[in-house]
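Novice: This is the structure, below, for whatever I ask next.
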Amino acid sequence: MDLESEAIEYTVSVRTNDIHEAIAKTGAALAALVDEALLSHEPHEIDEECEFEEFARDLLRVLTTHLDALASLEDASADM
């Protein structure tokens, strides 16, 4: 089986002049993709260690924290 012929290409395109908006939208797209990957991940025993799940959850936590911070900055600048 040729993995490359079965590969799916994911593209994120953001059209803006605001770098903060571009980062926020790209981060949100990455978070959605990682979340989808976690949901479709192969089930296994609850006590079984899984490096992918650990990585994905850590990545989602970091992305969520930073996306929340970016949203707060945008809200603060909109109030000015």
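We name chains A, B, ... following the order of the structure tokens; residues begin at 1 in each chain, and ligands are numbered from 1 as shown.
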Residues within 6 Å of segment 23-37 of chain A, please, as number ranges by chain. Count only C-alpha atoms; anything in the same chain fewer than 3 positions from it doesn't count.
Specialist: A: 20, 40-41, 60, 67
Novice: Assign secondary structure with DSSP using the backbone only, and return the residues of segment 7-77 of chain A in alpha helix (DSSP H) as a PyMOL selection string.
Specialist: chain A and resi 19-39+51-77
Novice: Can you write out the residues you just picked, keeping C-alpha atoms, as a PDB file, in the first residue's frame?
Specialist:
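This is the output file result36.pdb:
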ATOM      1  CA  ILE A  19      -0.364  39.264  11.688  1.00  0.00           C
ATOM      2  CA  HIS A  20      -2.156  38.689  15.005  1.00  0.00           C
ATOM      3  CA  GLU A  21      -5.371  37.773  13.186  1.00  0.00           C
ATOM      4  CA  ALA A  22      -3.429  35.458  10.853  1.00  0.00           C
ATOM      5  CA  ILE A  23      -1.783  33.691  13.797  1.00  0.00           C
ATOM      6  CA  ALA A  24      -5.098  33.362  15.642  1.00  0.00           C
ATOM      7  CA  LYS A  25      -6.881  31.897  12.618  1.00  0.00           C
ATOM      8  CA  THR A  26      -4.026  29.517  11.812  1.00  0.00           C
ATOM      9  CA  GLY A  27      -3.834  28.416  15.452  1.00  0.00           C
ATOM     10  CA  ALA A  28      -7.589  27.828  15.548  1.00  0.00           C
ATOM     11  CA  ALA A  29      -7.372  25.727  12.376  1.00  0.00           C
ATOM     12  CA  LEU A  30      -4.503  23.673  13.854  1.00  0.00           C
ATOM     13  CA  ALA A  31      -6.451  23.177  17.103  1.00  0.00           C
ATOM     14  CA  ALA A  32      -9.490  21.955  15.164  1.00  0.00           C
ATOM     15  CA  LEU A  33      -7.346  19.531  13.160  1.00  0.00           C
ATOM     16  CA  VAL A  34      -5.594  18.148  16.259  1.00  0.00           C
ATOM     17  CA  ASP A  35      -8.946  17.802  18.029  1.00  0.00           C
ATOM     18  CA  GLU A  36     -10.334  15.883  15.042  1.00  0.00           C
ATOM     19  CA  ALA A  37      -7.259  13.643  15.030  1.00  0.00           C
ATOM     20  CA  LEU A  38      -7.734  12.888  18.731  1.00  0.00           C
ATOM     21  CA  LEU A  39     -11.383  11.990  18.187  1.00  0.00           C
ATOM     22  CA  GLU A  51       2.567   9.365  23.088  1.00  0.00           C
ATOM     23  CA  PHE A  52       0.302  10.759  20.370  1.00  0.00           C
ATOM     24  CA  GLU A  53      -2.533  11.487  22.799  1.00  0.00           C
ATOM     25  CA  GLU A  54      -0.140  13.109  25.264  1.00  0.00           C
ATOM     26  CA  PHE A  55       1.370  15.255  22.495  1.00  0.00           C
ATOM     27  CA  ALA A  56      -2.038  16.205  21.073  1.00  0.00           C
ATOM     28  CA  ARG A  57      -3.472  17.171  24.475  1.00  0.00           C
ATOM     29  CA  ASP A  58      -0.379  19.236  25.327  1.00  0.00           C
ATOM     30  CA  LEU A  59      -0.572  20.965  21.955  1.00  0.00           C
ATOM     31  CA  LEU A  60      -4.288  21.714  22.385  1.00  0.00           C
ATOM     32  CA  ARG A  61      -3.648  23.124  25.867  1.00  0.00           C
ATOM     33  CA  VAL A  62      -0.899  25.436  24.570  1.00  0.00           C
ATOM     34  CA  LEU A  63      -2.912  26.511  21.518  1.00  0.00           C
ATOM     35  CA  THR A  64      -6.005  27.220  23.614  1.00  0.00           C
ATOM     36  CA  THR A  65      -4.011  29.300  26.090  1.00  0.00           C
ATOM     37  CA  HIS A  66      -2.401  31.370  23.365  1.00  0.00           C
ATOM     38  CA  LEU A  67      -5.579  31.728  21.314  1.00  0.00           C
ATOM     39  CA  ASP A  68      -7.377  32.986  24.434  1.00  0.00           C
ATOM     40  CA  ALA A  69      -4.559  35.489  25.007  1.00  0.00           C
ATOM     41  CA  LEU A  70      -4.755  36.692  21.393  1.00  0.00           C
ATOM     42  CA  ALA A  71      -8.526  37.083  21.662  1.00  0.00           C
ATOM     43  CA  SER A  72      -8.066  39.153  24.832  1.00  0.00           C
ATOM     44  CA  LEU A  73      -5.570  41.410  23.046  1.00  0.00           C
ATOM     45  CA  GLU A  74      -7.959  41.884  20.119  1.00  0.00           C
ATOM     46  CA  ASP A  75     -10.838  42.700  22.492  1.00  0.00           C
ATOM     47  CA  ALA A  76      -8.675  45.228  24.345  1.00  0.00           C
ATOM     48  CA  SER A  77      -7.556  46.949  21.137  1.00  0.00           C
TER      49      SER A  77
END
Novice: In Å, rounded to a single decimal, give me how far atom CA of Glu49 of chain A is from atom CA of Ala7 of chain A.
Specialist: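 Answer for the atom CA of Ala7 of chain A to atom CA of Glu49 of chain A separation: 26.6 Å.
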